[in-house]
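A.B. asks: Starting off with a structure, shown below.
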Amino acid sequence: MKRTIYPKLLFGCLLFGVLGFLIVSGMTAYLSYRYIETEEASALYKEANLIASDYAASYYSNNITLEDFEERLKAVDTYLSAQVWVVGAKGDILVNSRKKTDISNIEVINDFNIGDFRHRYYQTGFFYNCFEEEQLSVYAPVSVNYKVRGYIIIHKPLHMLIAYNHGFLKIAYFTLAVLFLCALALLVPFVCTIILPVKKITKAAGRYASGKFDRPVNVRTNGEIGYLAASLTYMANELNTLEEDQRKFVSNVSHDFRSPLTSIKGYVEAMLDGTIPVESQEKYLNIILFETERLNKLTASLLELNKYGSHRALLDITTFDINDTIRLTAQTFEGACKDRRISFELILTGQTLFVQADIGKIQRVIYNLIDNAIKFSPSESVITVETTVKNEKIFVAVKDRGIGIPKESLGKIWERFYKTDPSRGKDKKGTGLGLAIVKEIIQSHKENINVISTEGVGTEFIFSLPLYQPKDGQISDKPPA
């Protein structure tokens with residue numbers, strides 16, 4: 001059985017209620033009772049001192065009669081709900097607020113010793129076994145002419161203090177119950193805003209783990225949970241796209257490898273079984289060589305793309321003249337352009353223009369873009385290569401006057417193996433990886449490349465590179481030392 005958050009939260013809430021009850025019934029009950037006992041003892045002590053200094057002193061000074069003294073003690077007894085005793089120094093009970101005084105039959109407290117109170121003015125217990133239930137006993141000395149004549153002792157049953165404490169605890173229990181109900185009530189929005197979305201996210205993660213990316217995470221909340229759901233949905237879309245790209249990639253690779261391998265296999269078998277006579281074999285061997293070079297080129301391009309895609313490509317950043325690089329690269333196409341009478345128009349800013357980049361990889365970018373322009377340019381056309389400087393960036397543009405790229409294909413030309421021509425391109429030597437490599441190289445330099453194209457007019461590719469700036473901030477036409 002799976003352990004979910006909800007039962008744990010419910011158990012935690014119940015545990016909170018139980019612990020709260022135990023704390024209130026234990027620690028709070030003890031502390032509150034001690035507080036009540038101390039406060040009650042303090043109040044009784046004040047009453048005992050008042051009686052000792054007023055009524056008892058007047059009685060011992062013969063200013064009031066015994067009957068008056070007893071009546072006043074009864075009134076105090078009724079007010080305090082506590083017995084008031086006047087005890088002699090030897091433990092004889094001289095006056096009891098709840099009994100008529102009988103001088104001939106005085107009660108004596110066995111083993112009475114005022115020192116048993118020690119440093120406190122009260123004690124709890126049965127008071128020398130004079131009571132059947134525990135009492136809070138408070139004493140105050142009666143002094144007449146600076147001589148202790150006896151003690152006023154007030155006894156209050158502890159059950160009255162306990163009953164008062166129970167009333168206080170009922171309030172505490174009620175407050176605790178309200179808090180507990182509030183905690184339970186808070187579980188409802190917590191479950192709706194946290195538990196249920198987390199369950200949906202967990203369920204969606206399970207689907208994504210099994211390769212089912214078709215359904216998004218149906219969570220519509222703000223905050224961290226909503227952000228997590230949105231991130232998971234985005235991840236699923238990316239994985240779904242990646243999986244689709246992987247299928248297309250495998251399909252394209254299989255197609256581009258199968259065609260030349262089929263040709264090679266067919267021609268070799270034909271030569272072996274004598275279908276192709278010996279005098280004609282040179283022609284077909286050249287075809288086999290051509291297909292082999294095509295496979296080699298395709299393999300090299302795949303390895304290079306894999307290097308960029310895994311972020312292992314290391315750039316050898318140097319400072320070089322981009323204008324000179326363009327000139328040299330354009331010269332390599334003189335043979336291919338001569339037959340079709342294609343010319344170059346180089347519009348370069350300054351005699352020299354230094355950039356900071358990997359010269360080998362930028363040469364590959366320029367070569368691929370010019371090669372692509374030549375493939376789709378008609379005979380007797382012009383290919384323009386231009387450099388401009390703006391905002392400490394150098395922009396290199398390669399423009400042809402060819403067939404252009406359809407609008408629906410503009411967003412796909414960077415995909416691996418994509419060719420705008422349904423017949424897989426006019427140039428059968430193309431692999432469909434050139435522009436993918438170009439984009440990977442430019443992005444590895446943390447720069448951008450864009451394309452502008454109109455069907456029947458031509459296509460222009462523009463990419464940026466960081467401009468080399470000497471320390472004085474001026475553009476230099478000299479190579480750095």
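Residues in the structure tokens are numbered from 1 in each chain, the chains being A, B, ... in the order shown, and ligands are numbered from 1 in the order shown.
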Find the spatial neighbours of Phe21 in chain A, counting only C-alpha atoms, within a cut-off of 10 Å - ignore same-chain residues fewer than 5 positions away - and output them as a short mmCIF file (atom, residue, chain, number, x, y, z; two decimals) with all heavy atoms, in the first residue's frame.
C.D. replies:
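Saved to out_22.cif:
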```cif
data_model
loop_
_atom_site.label_atom_id
_atom_site.label_comp_id
_atom_site.auth_asym_id
_atom_site.auth_seq_id
_atom_site.Cartn_x
_atom_site.Cartn_y
_atom_site.Cartn_z
N LEU A 15 -2.44 13.63 16.23
CA LEU A 15 -1.37 13.61 17.21
C LEU A 15 -1.26 14.96 17.92
O LEU A 15 -1.04 15.01 19.13
CB LEU A 15 -0.05 13.27 16.52
CG LEU A 15 1.18 13.12 17.43
CD1 LEU A 15 0.99 11.97 18.41
CD2 LEU A 15 2.44 12.90 16.60
N PHE A 16 -1.44 16.05 17.14
CA PHE A 16 -1.44 17.38 17.74
C PHE A 16 -2.55 17.50 18.79
O PHE A 16 -2.35 18.06 19.88
CB PHE A 16 -1.62 18.43 16.64
CG PHE A 16 -2.00 19.78 17.15
CD1 PHE A 16 -1.05 20.62 17.73
CD2 PHE A 16 -3.30 20.23 17.06
CE1 PHE A 16 -1.40 21.88 18.20
CE2 PHE A 16 -3.67 21.49 17.53
CZ PHE A 16 -2.71 22.31 18.11
N GLY A 26 -1.97 17.83 31.80
CA GLY A 26 -0.82 17.55 32.64
C GLY A 26 -0.13 18.80 33.12
O GLY A 26 -0.35 19.29 34.25
N THR A 28 -0.32 22.06 32.12
CA THR A 28 -1.15 23.24 32.38
C THR A 28 -1.97 23.07 33.65
O THR A 28 -2.13 24.02 34.44
CB THR A 28 -2.07 23.50 31.18
OG1 THR A 28 -1.27 23.63 30.01
CG2 THR A 28 -2.89 24.76 31.38
N ALA A 172 -9.64 25.99 29.00
CA ALA A 172 -8.47 25.62 28.21
C ALA A 172 -8.80 24.48 27.25
O ALA A 172 -8.37 24.49 26.08
CB ALA A 172 -7.33 25.20 29.14
N TYR A 173 -9.59 23.49 27.73
CA TYR A 173 -9.98 22.38 26.86
C TYR A 173 -10.85 22.88 25.70
O TYR A 173 -10.70 22.42 24.55
CB TYR A 173 -10.75 21.32 27.65
CG TYR A 173 -9.91 20.54 28.62
CD1 TYR A 173 -10.43 20.13 29.85
CD2 TYR A 173 -8.60 20.21 28.32
CE1 TYR A 173 -9.67 19.41 30.75
CE2 TYR A 173 -7.83 19.50 29.21
CZ TYR A 173 -8.36 19.10 30.43
OH TYR A 173 -7.59 18.39 31.32
N LEU A 176 -8.61 24.56 23.25
CA LEU A 176 -7.86 23.54 22.52
C LEU A 176 -8.73 22.86 21.48
O LEU A 176 -8.29 22.59 20.35
CB LEU A 176 -7.29 22.51 23.50
CG LEU A 176 -6.48 21.37 22.88
CD1 LEU A 176 -5.22 21.90 22.22
CD2 LEU A 176 -6.12 20.34 23.95
N ALA A 177 -9.99 22.57 21.83
CA ALA A 177 -10.90 21.93 20.88
C ALA A 177 -11.16 22.83 19.68
O ALA A 177 -11.20 22.36 18.53
CB ALA A 177 -12.22 21.59 21.58
#
```
A.B. asks: Just the residues within 12 Å of Ser263 in chain A, please, counting only C-alpha atoms, with nothing from its chain fewer than 2 positions along; format it as a list in words.
C.D. replies: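 What passes the distance filter is Asp256, Phe257, Arg258, Ser259, Pro260, Leu261, Lys265, Gly266, Tyr267, Val268, Glu269, Ala270, Tyr284, Leu285, Asn286, Ile287, Ile288, Leu289, Phe290, Glu291, Thr292, Arg294 and Leu295 of chain A.
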A.B. asks: Between A:Ser343, A:Thr454, A:Ser464, A:Thr124, which is the closest to Thr38 in chain A once you count only C-alpha atoms?
C.D. replies: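 Of A:Ser343, A:Thr454, A:Ser464, A:Thr124, the one nearest Thr38 in chain A is A:Thr124, counting only C-alpha atoms.
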A.B. asks: Write out as an MDAnalysis selection string which residues come within 9 Å of range 449-453 of chain A when counting only C-alpha atoms, dropping same-chain ones fewer than 6 positions away.
C.D. replies: chainID A and resid 404:407 410 438:439 442:443 459:464
A.B. asks: As a ChimeraX atom specification, please: every residue in range 183-409 of chain A that DSSP puts in alpha helix (DSSP H).
C.D. replies: /A:183-190,196-209,223-272,281-309,322-331,334-340,359-375
A.B. asks: What's the separation between CA of Cys337 in chain A and CA of Gly434 in chain A, in Å to one decimal place?
C.D. replies: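 One can read the CA of Cys337 in chain A to CA of Gly434 in chain A distance as 19.1 Å.
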